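As stored in data-v3.txt (compact mmCIF, C-alpha atoms and all ligand atoms):
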# COMPACT_ATOMS: atom_id res chain seq x y z
CA MET A 1155 -31.31 4.04 -26.70
CA ARG A 1156 -33.11 0.75 -26.96
CA TYR A 1157 -36.51 0.34 -28.60
CA THR A 1158 -39.22 -2.28 -28.63
CA THR A 1159 -42.53 -2.87 -30.36
CA TYR A 1160 -45.40 -1.53 -28.30
CA GLY A 1161 -47.70 -4.51 -28.61
CA LYS A 1162 -50.56 -4.40 -31.10
CA THR A 1163 -49.89 -0.75 -31.92
CA GLY A 1164 -46.83 -1.89 -33.87
CA LEU A 1165 -45.09 1.33 -32.84
CA SER A 1166 -41.42 1.20 -32.00
CA VAL A 1167 -41.12 2.92 -28.61
CA SER A 1168 -38.03 3.76 -26.61
CA ARG A 1169 -37.70 1.62 -23.50
CA LEU A 1170 -37.56 4.84 -21.52
CA GLY A 1171 -40.60 7.05 -21.87
CA PHE A 1172 -40.71 10.72 -20.96
CA GLY A 1173 -43.42 11.26 -18.35
CA ALA A 1174 -44.60 14.84 -18.76
CA MET A 1175 -46.13 15.16 -15.30
CA ARG A 1176 -43.12 16.56 -13.44
CA LEU A 1177 -42.11 19.39 -15.70
CA PRO A 1178 -40.28 22.37 -14.22
CA ALA A 1179 -42.94 24.68 -12.84
CA ASN A 1180 -43.35 27.73 -10.62
CA GLU A 1181 -46.04 28.51 -8.12
CA THR A 1182 -48.37 31.35 -9.08
CA PRO A 1183 -49.50 33.94 -6.48
CA ASP A 1184 -52.87 32.14 -6.18
CA GLY A 1185 -51.15 28.89 -5.22
CA LYS A 1186 -51.48 27.16 -8.60
CA GLU A 1187 -48.62 26.16 -10.80
CA GLN A 1188 -47.28 27.46 -14.05
CA VAL A 1189 -45.05 25.26 -16.15
CA ASP A 1190 -41.81 27.02 -16.99
CA TYR A 1191 -41.86 26.56 -20.75
CA ASP A 1192 -38.39 28.09 -21.10
CA LYS A 1193 -37.13 25.12 -19.11
CA SER A 1194 -39.53 22.40 -20.26
CA THR A 1195 -38.75 22.93 -23.95
CA PRO A 1196 -35.00 22.23 -23.71
CA LEU A 1197 -35.75 19.42 -21.25
CA ILE A 1198 -38.08 17.57 -23.62
CA ARG A 1199 -35.82 18.31 -26.57
CA ARG A 1200 -32.81 16.88 -24.74
CA ALA A 1201 -34.72 13.65 -24.14
CA LEU A 1202 -35.63 13.45 -27.83
CA GLU A 1203 -32.07 14.24 -28.83
CA LEU A 1204 -30.90 11.30 -26.70
CA GLY A 1205 -33.29 8.92 -28.45
CA VAL A 1206 -36.42 8.99 -26.27
CA ASN A 1207 -39.30 8.94 -28.77
CA PHE A 1208 -42.20 8.22 -26.41
CA ILE A 1209 -43.92 10.96 -24.38
CA ASP A 1210 -46.69 10.22 -21.92
CA THR A 1211 -49.05 12.97 -20.86
CA HIS A 1212 -52.64 13.64 -19.82
CA HIS A 1213 -55.50 16.04 -20.46
CA ASN A 1214 -54.99 17.52 -16.97
CA TYR A 1215 -51.32 17.12 -16.05
CA HIS A 1216 -50.01 20.44 -14.74
CA TYR A 1217 -53.50 21.96 -15.09
CA SER A 1218 -53.46 20.99 -18.79
CA GLN A 1219 -50.17 22.79 -19.38
CA SER A 1220 -48.32 19.52 -19.98
CA GLU A 1221 -49.83 19.12 -23.45
CA ILE A 1222 -48.99 22.76 -24.18
CA ALA A 1223 -45.37 22.17 -23.12
CA ILE A 1224 -45.14 19.21 -25.48
CA GLY A 1225 -46.55 21.25 -28.35
CA LEU A 1226 -44.01 24.00 -27.72
CA ALA A 1227 -41.11 21.56 -27.47
CA LEU A 1228 -42.05 19.88 -30.74
CA GLU A 1229 -42.36 23.10 -32.73
CA GLY A 1230 -40.22 22.84 -35.85
CA LEU A 1231 -39.35 19.18 -35.22
CA ASP A 1232 -40.47 16.20 -37.28
CA ARG A 1233 -43.76 15.24 -35.57
CA SER A 1234 -43.70 11.77 -37.11
CA LYS A 1235 -40.61 10.87 -35.08
CA VAL A 1236 -42.38 11.34 -31.73
CA ILE A 1237 -45.05 9.15 -30.17
CA ILE A 1238 -47.46 11.03 -27.91
CA GLN A 1239 -49.60 9.04 -25.52
CA THR A 1240 -52.25 11.09 -23.76
CA LYS A 1241 -55.32 10.37 -21.65
CA ASN A 1242 -58.93 11.39 -21.38
CA PRO A 1243 -60.07 11.34 -17.73
CA THR A 1244 -63.13 9.20 -18.40
CA TRP A 1245 -63.58 8.47 -14.68
CA LYS A 1246 -64.45 12.13 -14.25
CA ASP A 1247 -68.03 12.92 -15.19
CA LEU A 1248 -68.44 15.21 -18.15
CA ALA A 1249 -69.35 18.75 -17.16
CA GLU A 1250 -72.60 20.12 -18.53
CA GLY A 1251 -72.27 20.52 -22.27
CA GLU A 1252 -68.82 18.89 -22.30
CA THR A 1253 -68.11 15.86 -24.51
CA TYR A 1254 -65.24 13.37 -24.76
CA ARG A 1255 -64.68 14.63 -28.29
CA GLN A 1256 -64.29 18.17 -27.01
CA ARG A 1257 -61.67 17.02 -24.51
CA LEU A 1258 -59.79 15.38 -27.37
CA GLU A 1259 -59.99 18.45 -29.60
CA ASP A 1260 -58.85 20.71 -26.74
CA GLY A 1261 -55.84 18.44 -26.20
CA LEU A 1262 -54.92 18.51 -29.88
CA LYS A 1263 -55.08 22.29 -29.92
CA ARG A 1264 -52.97 22.57 -26.78
CA ALA A 1265 -50.33 20.20 -28.14
CA LYS A 1266 -50.48 21.92 -31.55
CA THR A 1267 -50.76 18.63 -33.33
CA ASP A 1268 -53.17 17.08 -35.84
CA TYR A 1269 -53.22 13.72 -34.08
CA PHE A 1270 -52.32 11.79 -30.97
CA ASP A 1271 -50.51 8.51 -31.53
CA ILE A 1272 -52.13 6.85 -28.55
CA TYR A 1273 -55.31 7.89 -26.77
CA PHE A 1274 -56.23 6.44 -23.40
CA LEU A 1275 -59.21 6.13 -21.20
CA HIS A 1276 -57.50 7.33 -18.06
CA SER A 1277 -57.54 5.37 -14.80
CA LEU A 1278 -60.03 2.92 -16.21
CA SER A 1279 -61.72 0.40 -13.94
CA TRP A 1280 -64.10 -2.27 -15.14
CA GLN A 1281 -66.86 -0.40 -13.32
CA THR A 1282 -66.08 2.80 -15.24
CA PHE A 1283 -65.82 0.89 -18.49
CA GLU A 1284 -69.31 -0.49 -17.98
CA LYS A 1285 -70.57 3.03 -17.36
CA VAL A 1286 -68.84 5.05 -20.07
CA GLY A 1287 -67.10 2.51 -22.33
CA ASP A 1288 -69.68 2.54 -25.14
CA GLU A 1289 -69.89 6.31 -25.35
CA PHE A 1290 -66.13 6.77 -25.23
CA MET A 1291 -65.37 4.04 -27.76
CA LYS A 1292 -67.91 5.44 -30.20
CA MET A 1293 -66.13 8.78 -30.05
CA ALA A 1294 -62.65 7.22 -30.14
CA LEU A 1295 -63.35 4.97 -33.13
CA GLN A 1296 -64.81 7.90 -35.04
CA ALA A 1297 -61.76 10.02 -34.17
CA LYS A 1298 -59.51 7.17 -35.27
CA GLU A 1299 -61.29 7.02 -38.61
CA GLU A 1300 -60.70 10.75 -39.01
CA GLY A 1301 -57.02 10.33 -38.18
CA LEU A 1302 -57.18 12.35 -34.95
CA ILE A 1303 -55.93 9.39 -32.94
CA ARG A 1304 -54.05 6.36 -34.12
CA HIS A 1305 -54.31 3.80 -31.34
CA ILE A 1306 -56.58 3.30 -28.35
CA GLY A 1307 -55.53 2.05 -24.94
CA PHE A 1308 -56.17 2.54 -21.25
CA SER A 1309 -54.37 3.35 -18.05
CA THR A 1310 -55.58 1.68 -14.90
CA HIS A 1311 -55.42 1.37 -11.14
CA ASP A 1312 -57.98 -1.44 -11.12
CA LYS A 1313 -57.48 -4.86 -9.55
CA TYR A 1314 -56.26 -7.84 -11.59
CA GLU A 1315 -59.78 -9.19 -12.19
CA GLY A 1316 -60.94 -5.83 -13.54
CA ILE A 1317 -57.92 -5.42 -15.80
CA VAL A 1318 -58.46 -8.91 -17.24
CA LYS A 1319 -62.04 -8.02 -18.15
CA ILE A 1320 -60.91 -4.78 -19.81
CA VAL A 1321 -58.18 -6.56 -21.78
CA ASP A 1322 -60.64 -9.28 -22.80
CA THR A 1323 -62.94 -6.78 -24.47
CA GLY A 1324 -60.36 -6.95 -27.28
CA LEU A 1325 -60.78 -3.20 -27.85
CA PHE A 1326 -57.38 -2.05 -26.68
CA GLU A 1327 -53.88 -2.09 -28.10
CA CYS A 1328 -51.91 -1.00 -25.07
CA MET A 1329 -52.09 -0.22 -21.39
CA LEU A 1330 -50.29 1.77 -18.70
CA CYS A 1331 -50.17 0.84 -15.03
CA GLN A 1332 -48.08 1.37 -11.91
CA TYR A 1333 -45.12 -0.93 -11.32
CA ASN A 1334 -41.92 -0.61 -9.33
CA LEU A 1335 -39.66 -2.35 -6.84
CA LEU A 1336 -42.09 -1.85 -4.00
CA ASP A 1337 -45.35 -2.14 -5.81
CA LEU A 1338 -45.74 -5.47 -7.56
CA SER A 1339 -49.51 -5.48 -7.39
CA ASN A 1340 -49.83 -5.28 -11.19
CA GLU A 1341 -47.26 -7.96 -12.03
CA LYS A 1342 -49.85 -10.57 -12.95
CA ALA A 1343 -51.92 -8.08 -14.93
CA ILE A 1344 -48.85 -6.97 -16.88
CA GLY A 1345 -48.14 -10.60 -17.79
CA TYR A 1346 -51.76 -11.10 -18.86
CA ALA A 1347 -51.93 -7.98 -21.01
CA HIS A 1348 -48.58 -8.77 -22.61
CA ALA A 1349 -49.67 -12.34 -23.40
CA LYS A 1350 -52.78 -10.93 -25.08
CA GLY A 1351 -50.62 -8.78 -27.33
CA LEU A 1352 -51.07 -5.40 -25.66
CA GLY A 1353 -48.18 -3.00 -25.40
CA VAL A 1354 -47.42 -2.30 -21.75
CA SER A 1355 -45.87 0.85 -20.36
CA VAL A 1356 -45.44 1.37 -16.65
CA MET A 1357 -45.52 4.51 -14.59
CA GLY A 1358 -43.73 5.18 -11.35
CA PRO A 1359 -40.72 3.01 -12.24
CA VAL A 1360 -38.69 5.00 -9.75
CA GLY A 1361 -41.66 5.29 -7.44
CA GLY A 1362 -42.76 8.79 -8.39
CA GLY A 1363 -39.45 10.03 -7.08
CA ARG A 1364 -39.57 8.23 -3.76
CA LEU A 1365 -37.46 5.29 -4.88
CA ALA A 1366 -34.87 7.69 -6.05
CA THR A 1367 -34.01 8.51 -2.45
CA PRO A 1368 -30.45 7.23 -2.58
CA ASN A 1369 -29.94 6.14 1.03
CA GLU A 1370 -32.92 3.88 1.05
CA LEU A 1371 -32.89 2.46 -2.43
CA ALA A 1372 -29.16 1.85 -2.49
CA ARG A 1373 -29.85 -0.93 0.00
CA PHE A 1374 -31.75 -2.86 -2.65
CA MET A 1375 -28.61 -3.75 -4.50
CA PRO A 1376 -25.40 -5.41 -3.39
CA ALA A 1377 -22.90 -2.68 -2.57
CA GLY A 1378 -21.50 -0.72 -5.44
CA GLN A 1379 -23.43 -2.57 -8.13
CA SER A 1380 -26.05 -0.05 -9.09
CA SER A 1381 -27.03 3.54 -8.56
CA PRO A 1382 -30.47 3.84 -6.94
CA VAL A 1383 -32.18 5.01 -10.09
CA GLU A 1384 -30.40 2.40 -12.15
CA ALA A 1385 -31.54 -0.32 -9.75
CA ALA A 1386 -35.14 0.81 -9.96
CA LEU A 1387 -35.17 1.02 -13.75
CA ARG A 1388 -33.34 -2.25 -14.26
CA PHE A 1389 -35.88 -3.95 -12.03
CA VAL A 1390 -38.74 -2.73 -14.19
CA TRP A 1391 -37.09 -3.58 -17.50
CA ASP A 1392 -36.28 -7.03 -16.21
CA ASN A 1393 -39.96 -7.89 -16.50
CA PRO A 1394 -40.44 -9.27 -20.05
CA GLY A 1395 -43.98 -7.89 -20.10
CA VAL A 1396 -42.84 -4.29 -19.77
CA ASP A 1397 -42.16 -2.43 -23.00
CA SER A 1398 -41.42 1.04 -21.73
CA ALA A 1399 -40.83 2.64 -18.36
CA VAL A 1400 -42.39 6.08 -18.23
CA SER A 1401 -40.42 8.20 -15.84
CA GLY A 1402 -41.41 11.72 -14.84
CA MET A 1403 -38.34 13.87 -15.43
CA SER A 1404 -37.80 17.43 -14.28
CA THR A 1405 -34.18 18.20 -15.06
CA ILE A 1406 -31.75 17.59 -17.89
CA GLU A 1407 -29.51 15.72 -15.42
CA GLN A 1408 -32.33 13.26 -14.70
CA VAL A 1409 -32.92 12.76 -18.41
CA GLU A 1410 -29.25 12.10 -19.01
CA GLU A 1411 -28.93 9.73 -16.06
CA ASN A 1412 -32.02 7.74 -17.07
CA VAL A 1413 -30.94 7.54 -20.70
CA LYS A 1414 -27.49 6.38 -19.66
CA THR A 1415 -29.17 3.67 -17.62
CA VAL A 1416 -31.08 2.33 -20.63
CA ASP A 1417 -27.88 2.13 -22.58
CA ILE A 1418 -25.95 0.21 -19.94
CA ALA A 1419 -28.76 -1.68 -18.23
CA ALA A 1420 -28.00 -5.36 -17.97
CA PRO A 1421 -30.53 -7.92 -16.78
CA LEU A 1422 -30.60 -8.32 -13.01
CA THR A 1423 -28.21 -10.90 -11.66
CA ASP A 1424 -29.48 -13.64 -9.34
CA ALA A 1425 -27.75 -11.91 -6.42
CA GLU A 1426 -29.47 -8.61 -7.19
CA ARG A 1427 -32.87 -10.22 -7.57
CA ALA A 1428 -32.40 -12.09 -4.27
CA ARG A 1429 -31.38 -8.88 -2.55
CA ILE A 1430 -34.49 -7.09 -3.79
CA VAL A 1431 -36.73 -9.89 -2.51
CA GLU A 1432 -34.94 -9.87 0.85
CA ILE A 1433 -35.30 -6.12 1.45
CA ARG A 1434 -38.87 -6.10 0.19
CA GLU A 1435 -39.84 -8.92 2.57
CA GLU A 1436 -38.14 -7.16 5.46
CA LYS A 1437 -40.07 -4.00 4.76
CA LYS A 1438 -43.32 -5.86 4.17
CA LYS A 1439 -43.13 -7.47 7.62
CA LEU A 1440 -42.87 -4.03 9.17
CA ALA A 1441 -45.65 -2.65 7.01
CA ASP A 1442 -47.90 -5.58 7.92
CA LEU A 1443 -47.67 -4.61 11.58
CA TYR A 1444 -49.74 -1.64 10.54
CA CYS A 1445 -51.93 -3.12 7.83
CA THR A 1446 -51.61 -6.24 5.68
CA GLY A 1447 -53.98 -4.90 3.04
CA CYS A 1448 -56.25 -7.95 3.48
CA GLY A 1449 -59.36 -5.86 2.93
CA TYR A 1450 -61.53 -7.65 5.54
CA CYS A 1451 -62.55 -4.26 6.89
CA MET A 1452 -64.09 -3.34 3.54
CA PRO A 1453 -66.41 -2.16 2.18
CA CYS A 1454 -66.79 1.02 4.16
CA PRO A 1455 -70.35 2.34 3.80
CA ASN A 1456 -68.89 5.81 3.30
CA GLY A 1457 -66.53 4.82 0.56
CA VAL A 1458 -63.23 5.09 2.46
CA ASN A 1459 -60.62 2.86 0.88
CA ILE A 1460 -59.08 1.88 4.20
CA PRO A 1461 -56.22 -0.39 3.03
CA ARG A 1462 -55.22 2.11 0.35
CA VAL A 1463 -54.98 4.96 2.90
CA PHE A 1464 -52.80 2.77 5.11
CA GLU A 1465 -50.66 1.72 2.17
CA TYR A 1466 -49.79 5.34 1.41
CA MET A 1467 -49.23 5.97 5.10
CA ASN A 1468 -46.78 3.06 5.10
CA TRP A 1469 -44.82 4.61 2.29
CA VAL A 1470 -44.03 7.38 4.73
CA ARG A 1471 -43.92 5.45 8.02
CA VAL A 1472 -42.20 2.22 7.01
CA TYR A 1473 -40.24 2.86 3.88
CA GLY A 1474 -39.03 6.22 5.06
CA PHE A 1475 -39.27 7.83 1.67
CA ALA A 1476 -40.25 11.40 1.04
CA GLU A 1477 -43.90 12.08 1.65
CA SER A 1478 -44.49 13.77 -1.67
CA ALA A 1479 -45.38 10.66 -3.67
CA ALA A 1480 -47.75 9.39 -0.98
CA ARG A 1481 -49.39 12.80 -0.86
CA GLU A 1482 -49.77 12.91 -4.61
CA HIS A 1483 -51.56 9.56 -4.59
CA TYR A 1484 -53.68 10.70 -1.69
CA VAL A 1485 -54.89 13.68 -3.70
CA TRP A 1486 -56.08 11.21 -6.29
CA MET A 1487 -58.05 9.40 -3.55
CA ARG A 1488 -59.57 12.66 -2.41
CA ASN A 1489 -60.69 13.41 -5.95
CA ARG A 1490 -62.37 10.03 -5.95
CA GLY A 1491 -63.96 10.54 -2.53
CA SER A 1492 -62.25 7.52 -0.99
CA ASP A 1493 -59.84 9.28 1.37
CA ALA A 1494 -59.92 9.17 5.17
CA SER A 1495 -61.87 12.42 5.52
CA LYS A 1496 -65.01 10.53 4.50
CA CYS A 1497 -64.90 8.45 7.69
CA VAL A 1498 -67.87 9.22 9.96
CA GLU A 1499 -66.54 6.95 12.73
CA CYS A 1500 -69.45 4.52 12.53
CA GLY A 1501 -67.13 1.77 13.79
CA GLN A 1502 -68.33 -0.98 11.40
CA CYS A 1503 -64.85 -1.75 10.15
CA GLU A 1504 -62.84 -2.20 13.36
CA PRO A 1505 -64.26 -5.53 14.61
CA LYS A 1506 -63.48 -7.06 11.20
CA CYS A 1507 -59.73 -6.31 11.32
CA PRO A 1508 -57.63 -9.37 12.21
CA GLN A 1509 -54.72 -7.07 13.09
CA LYS A 1510 -56.88 -5.29 15.68
CA ILE A 1511 -55.93 -1.98 14.13
CA GLN A 1512 -57.60 1.07 15.61
CA ILE A 1513 -58.79 2.02 12.17
CA ILE A 1514 -60.63 5.21 13.07
CA LYS A 1515 -57.70 6.64 15.01
CA GLN A 1516 -55.17 5.54 12.38
CA LEU A 1517 -57.24 7.00 9.57
CA ALA A 1518 -57.32 10.36 11.30
CA GLU A 1519 -53.55 10.29 11.80
CA SER A 1520 -52.95 9.24 8.21
CA HIS A 1521 -55.16 12.02 6.94
CA LYS A 1522 -53.12 14.57 8.86
CA VAL A 1523 -49.84 13.28 7.42
CA LEU A 1524 -51.04 12.79 3.87
CA SER A 1525 -53.09 15.96 3.42
S1 LIG B 1 -65.50 3.78 10.88
FE1 LIG B 1 -65.02 5.09 9.16
S2 LIG B 1 -63.78 3.82 7.84
FE2 LIG B 1 -64.77 2.46 9.28
S3 LIG B 1 -66.60 1.76 8.21
FE3 LIG B 1 -67.18 3.56 9.41
S4 LIG B 1 -66.95 5.30 8.06
FE4 LIG B 1 -65.85 3.58 7.13
S1 LIG B 2 -58.79 -5.44 7.93
FE1 LIG B 2 -57.11 -4.42 9.02
S2 LIG B 2 -55.24 -5.27 8.14
FE2 LIG B 2 -56.92 -5.79 6.75
S3 LIG B 2 -56.96 -4.09 5.28
FE3 LIG B 2 -58.37 -3.52 6.89
S4 LIG B 2 -57.15 -2.31 8.31
FE4 LIG B 2 -55.70 -3.42 7.01
Translate the structure described by the file into structure tokens.
Amino acid sequence: MRYTTYGKTGLSVSRLGFGAMRLPANETPDGKEQVDYDKSTPLIRRALELGVNFIDTHHNYHYSQSEIAIGLALEGLDRSKVIIQTKNPTWKDLAEGETYRQRLEDGLKRAKTDYFDIYFLHSLSWQTFEKVGDEFMKMALQAKEEGLIRHIGFSTHDKYEGIVKIVDTGLFECMLCQYNLLDLSNEKAIGYAHAKGLGVSVMGPVGGGRLATPNELARFMPAGQSSPVEAALRFVWDNPGVDSAVSGMSTIEQVEENVKTVDIAAPLTDAERARIVEIREEKKKLADLYCTGCGYCMPCPNGVNIPRVFEYMNWVRVYGFAESAAREHYVWMRNRGSDASKCVECGQCEPKCPQKIQIIKQLAESHKVLS
């Protein structure tokens, strides 16, 4: 395993992080999910055994069972050897009587630990920071003083400008954002955060599973040079701003394959990099026929994030990957109230689209596919 210093935290993290959001789980009779702890414990332990020392989780992953699974897996092990990064969903309004502190304490109890190494404001945008930043930071700094958390960071889906403002507050030691072969939207932000001394971990390095579709991804690399997963991970690690790639792993085979990749991963060759650019451009041209993401149609008075809906639709329609990742992201949009179901067909957006896209019709179709 290879390790690197996670920015200002000073922690030495494995370059492969264990994303605890795809743990083995079963469906309960009422349609929810129940993590299979008999499987998740050996899974997490195998990752640790192979040198992964960095686990990323969240207050709500797997209906809050992810933190429980981590606690169970770490029972009897040396806690100081494992770095747990978890997140408080600060974008979600506090329920009546709920506090950020209570969310933290609940997480600690679930994970059966006295402290979290890294505590995040989850999915932070500049807008949310302006709204809840003071209250959260007051709680977090107090908790840090008490030893309940050791470092404070944020995860984000915000635009570059928003991320820069958050980084420039000087309050954070590390950040997590999406980054993979197909989604370079955070490349500049990663470079900025890294230059400012923040540790950077990235999620979705193998595209939430979709890039791991062998037939498609294999095309990104010259024949025989890389397995699909290896190609995706090598691409991410090739960015000097990325400290750790957090990959959601569900089976011991995935853990072993990913770990093997860290050990053998060489920097991308010029031919491989050129091939990636070529395929990405080819796909982008096709995707642009549907939507270039220019945003001229925005804002929608009803809060629909039109380009984002079409982006997820393109994951299915253009890139031909499994729909599951697109659907997962779409759920996130629904939770935020920016999905296509909010369209009331007022028609304000359509005349503004240079691609002459029938936005209303396309939104309805996308909603059907992504829901
Ligand atoms: S037609 Fe729908 S998506 Fe377009 S502006 Fe109106 S509500 Fe928004
Ligand atoms: S204006 Fe058209 S091309 Fe641009 S983001 Fe909106 S739907 Fe896509």
Name the residues within 12 Å of (-51.0, 18.2, -14.5), counting only C-alpha atoms in the file's coordinates, and put them as an mmCIF file with C-alpha atoms, keeping the file's coordinate frame.
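Final output, out.cif:
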data_model
loop_
_atom_site.group_PDB
_atom_site.id
_atom_site.type_symbol
_atom_site.label_atom_id
_atom_site.label_comp_id
_atom_site.auth_asym_id
_atom_site.auth_seq_id
_atom_site.Cartn_x
_atom_site.Cartn_y
_atom_site.Cartn_z
ATOM 1 C CA GLY A 1173 -43.420 11.260 -18.350
ATOM 2 C CA ALA A 1174 -44.600 14.840 -18.760
ATOM 3 C CA MET A 1175 -46.130 15.160 -15.300
ATOM 4 C CA ARG A 1176 -43.120 16.560 -13.440
ATOM 5 C CA LEU A 1177 -42.110 19.390 -15.700
ATOM 6 C CA PRO A 1178 -40.280 22.370 -14.220
ATOM 7 C CA ALA A 1179 -42.940 24.680 -12.840
ATOM 8 C CA LYS A 1186 -51.480 27.160 -8.600
ATOM 9 C CA GLU A 1187 -48.620 26.160 -10.800
ATOM 10 C CA GLN A 1188 -47.280 27.460 -14.050
ATOM 11 C CA VAL A 1189 -45.050 25.260 -16.150
ATOM 12 C CA ASP A 1210 -46.690 10.220 -21.920
ATOM 13 C CA THR A 1211 -49.050 12.970 -20.860
ATOM 14 C CA HIS A 1212 -52.640 13.640 -19.820
ATOM 15 C CA HIS A 1213 -55.500 16.040 -20.460
ATOM 16 C CA ASN A 1214 -54.990 17.520 -16.970
ATOM 17 C CA TYR A 1215 -51.320 17.120 -16.050
ATOM 18 C CA HIS A 1216 -50.010 20.440 -14.740
ATOM 19 C CA TYR A 1217 -53.500 21.960 -15.090
ATOM 20 C CA SER A 1218 -53.460 20.990 -18.790
ATOM 21 C CA GLN A 1219 -50.170 22.790 -19.380
ATOM 22 C CA SER A 1220 -48.320 19.520 -19.980
ATOM 23 C CA GLU A 1221 -49.830 19.120 -23.450
ATOM 24 C CA ILE A 1222 -48.990 22.760 -24.180
ATOM 25 C CA ALA A 1223 -45.370 22.170 -23.120
ATOM 26 C CA THR A 1240 -52.250 11.090 -23.760
ATOM 27 C CA LYS A 1241 -55.320 10.370 -21.650
ATOM 28 C CA PRO A 1243 -60.070 11.340 -17.730
ATOM 29 C CA GLY A 1402 -41.410 11.720 -14.840
ATOM 30 C CA GLU A 1482 -49.770 12.910 -4.610
ATOM 31 C CA TRP A 1486 -56.080 11.210 -6.290
#
Q: Write out as number ranges by chain each polymer residue (protein, DNA or RNA) that has an atom no more than 12 Å from ligand LIG 2 (chain B), with only C-alpha atoms and all ligand atoms counted.
A: A: 1441-1454, 1458-1468, 1502-1517
Q. Can you list, as a PyMOL selection string, every protein, DNA or RNA residue that comes within 6 Å of stretch 1266-1271 of chain A when you count only C-alpha atoms, leaving out same-chain residues fewer than 6 positions away?
A. chain A and resi 1225+1237-1238+1302-1304
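Across the model, the gap from atom CA of A:Val1383 to atom CA of A:Arg1199 is 21.5 Å.
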(Q) So the first atom is atom CA of A:Ala1480 and the second is atom CA of A:Met1403; what is the distance between them in Å, to one decimal place? (A) 17.8 Å
Q | Residue among A:Ser1398, A:Asn1180, A:Asn1334, A:Gln1239 lying closest to A:His1276, counting all atoms listed in the file | A | A:Gln1239
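If you measure from each of A:Glu1435, A:Glu1252, A:Asp1493, A:Glu1519 to ligand LIG 1 (chain B) using only C-alpha atoms and all ligand atoms, the closest one turns out to be A:Asp1493.
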So which residues touch A:Ser1401 within 12 Å, counting only C-alpha atoms, skipping near sequence neighbours fewer than 4 positions away, as an mmCIF file with C-alpha atoms, in the coordinates of the input?
data_model
loop_
_atom_site.group_PDB
_atom_site.id
_atom_site.type_symbol
_atom_site.label_atom_id
_atom_site.label_comp_id
_atom_site.auth_asym_id
_atom_site.auth_seq_id
_atom_site.Cartn_x
_atom_site.Cartn_y
_atom_site.Cartn_z
ATOM 1 C CA SER A 1168 -38.030 3.760 -26.610
ATOM 2 C CA ARG A 1169 -37.700 1.620 -23.500
ATOM 3 C CA LEU A 1170 -37.560 4.840 -21.520
ATOM 4 C CA GLY A 1171 -40.600 7.050 -21.870
ATOM 5 C CA PHE A 1172 -40.710 10.720 -20.960
ATOM 6 C CA GLY A 1173 -43.420 11.260 -18.350
ATOM 7 C CA ALA A 1174 -44.600 14.840 -18.760
ATOM 8 C CA MET A 1175 -46.130 15.160 -15.300
ATOM 9 C CA ARG A 1176 -43.120 16.560 -13.440
ATOM 10 C CA LEU A 1177 -42.110 19.390 -15.700
ATOM 11 C CA ALA A 1201 -34.720 13.650 -24.140
ATOM 12 C CA VAL A 1206 -36.420 8.990 -26.270
ATOM 13 C CA PHE A 1208 -42.200 8.220 -26.410
ATOM 14 C CA ILE A 1209 -43.920 10.960 -24.380
ATOM 15 C CA ASP A 1210 -46.690 10.220 -21.920
ATOM 16 C CA THR A 1211 -49.050 12.970 -20.860
ATOM 17 C CA GLN A 1332 -48.080 1.370 -11.910
ATOM 18 C CA TYR A 1333 -45.120 -0.930 -11.320
ATOM 19 C CA ASN A 1334 -41.920 -0.610 -9.330
ATOM 20 C CA SER A 1355 -45.870 0.850 -20.360
ATOM 21 C CA VAL A 1356 -45.440 1.370 -16.650
ATOM 22 C CA MET A 1357 -45.520 4.510 -14.590
ATOM 23 C CA GLY A 1358 -43.730 5.180 -11.350
ATOM 24 C CA PRO A 1359 -40.720 3.010 -12.240
ATOM 25 C CA VAL A 1360 -38.690 5.000 -9.750
ATOM 26 C CA GLY A 1361 -41.660 5.290 -7.440
ATOM 27 C CA GLY A 1362 -42.760 8.790 -8.390
ATOM 28 C CA GLY A 1363 -39.450 10.030 -7.080
ATOM 29 C CA LEU A 1365 -37.460 5.290 -4.880
ATOM 30 C CA ALA A 1366 -34.870 7.690 -6.050
ATOM 31 C CA VAL A 1383 -32.180 5.010 -10.090
ATOM 32 C CA ALA A 1386 -35.140 0.810 -9.960
ATOM 33 C CA LEU A 1387 -35.170 1.020 -13.750
ATOM 34 C CA VAL A 1390 -38.740 -2.730 -14.190
ATOM 35 C CA THR A 1405 -34.180 18.200 -15.060
ATOM 36 C CA GLN A 1408 -32.330 13.260 -14.700
ATOM 37 C CA VAL A 1409 -32.920 12.760 -18.410
ATOM 38 C CA GLU A 1411 -28.930 9.730 -16.060
ATOM 39 C CA ASN A 1412 -32.020 7.740 -17.070
ATOM 40 C CA VAL A 1413 -30.940 7.540 -20.700
#
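For the pair atom CA of A:Ala1399 and atom CA of A:Ser1279, the interatomic distance is 21.5 Å.
Among A:Asp1424, A:Asp1184, A:Glu1499, A:Asp1247, the residue with the shortest atom-to-atom distance to ligand LIG 1 (chain B), counting all atoms listed in the file, is A:Glu1499.
Proximity ranking of A:Ser1520, A:Thr1323, A:Ser1309, A:Ser1525 relative to A:Gly1353 places A:Ser1309 first, based on all atoms listed in the file.
Minimum distance to ligand LIG 1 (chain B) across A:Val1321, A:Ala1518, A:Ile1344, A:Ile1224 (counting only C-alpha atoms and all ligand atoms) occurs at A:Ala1518.
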Q: Find the residues near A:Asp1322: any atom within 12 Å, counting all atoms listed in the file, skip ones fewer than 5 places away on the same chain, and give them as an MDAnalysis selection string.
A: chainID A and resid 1280 1315:1317 1327 1343 1346:1347 1349:1352
(Q) List as a PyMOL selection string the protein and nucleic acid residues near A:Leu1258, meaning an atom at most 9 Å away when all atoms listed in the file are counted, but skip any in the same chain fewer than 2 places from it. (A) chain A and resi 1213+1241-1242+1253-1256+1260-1263+1273+1297+1302
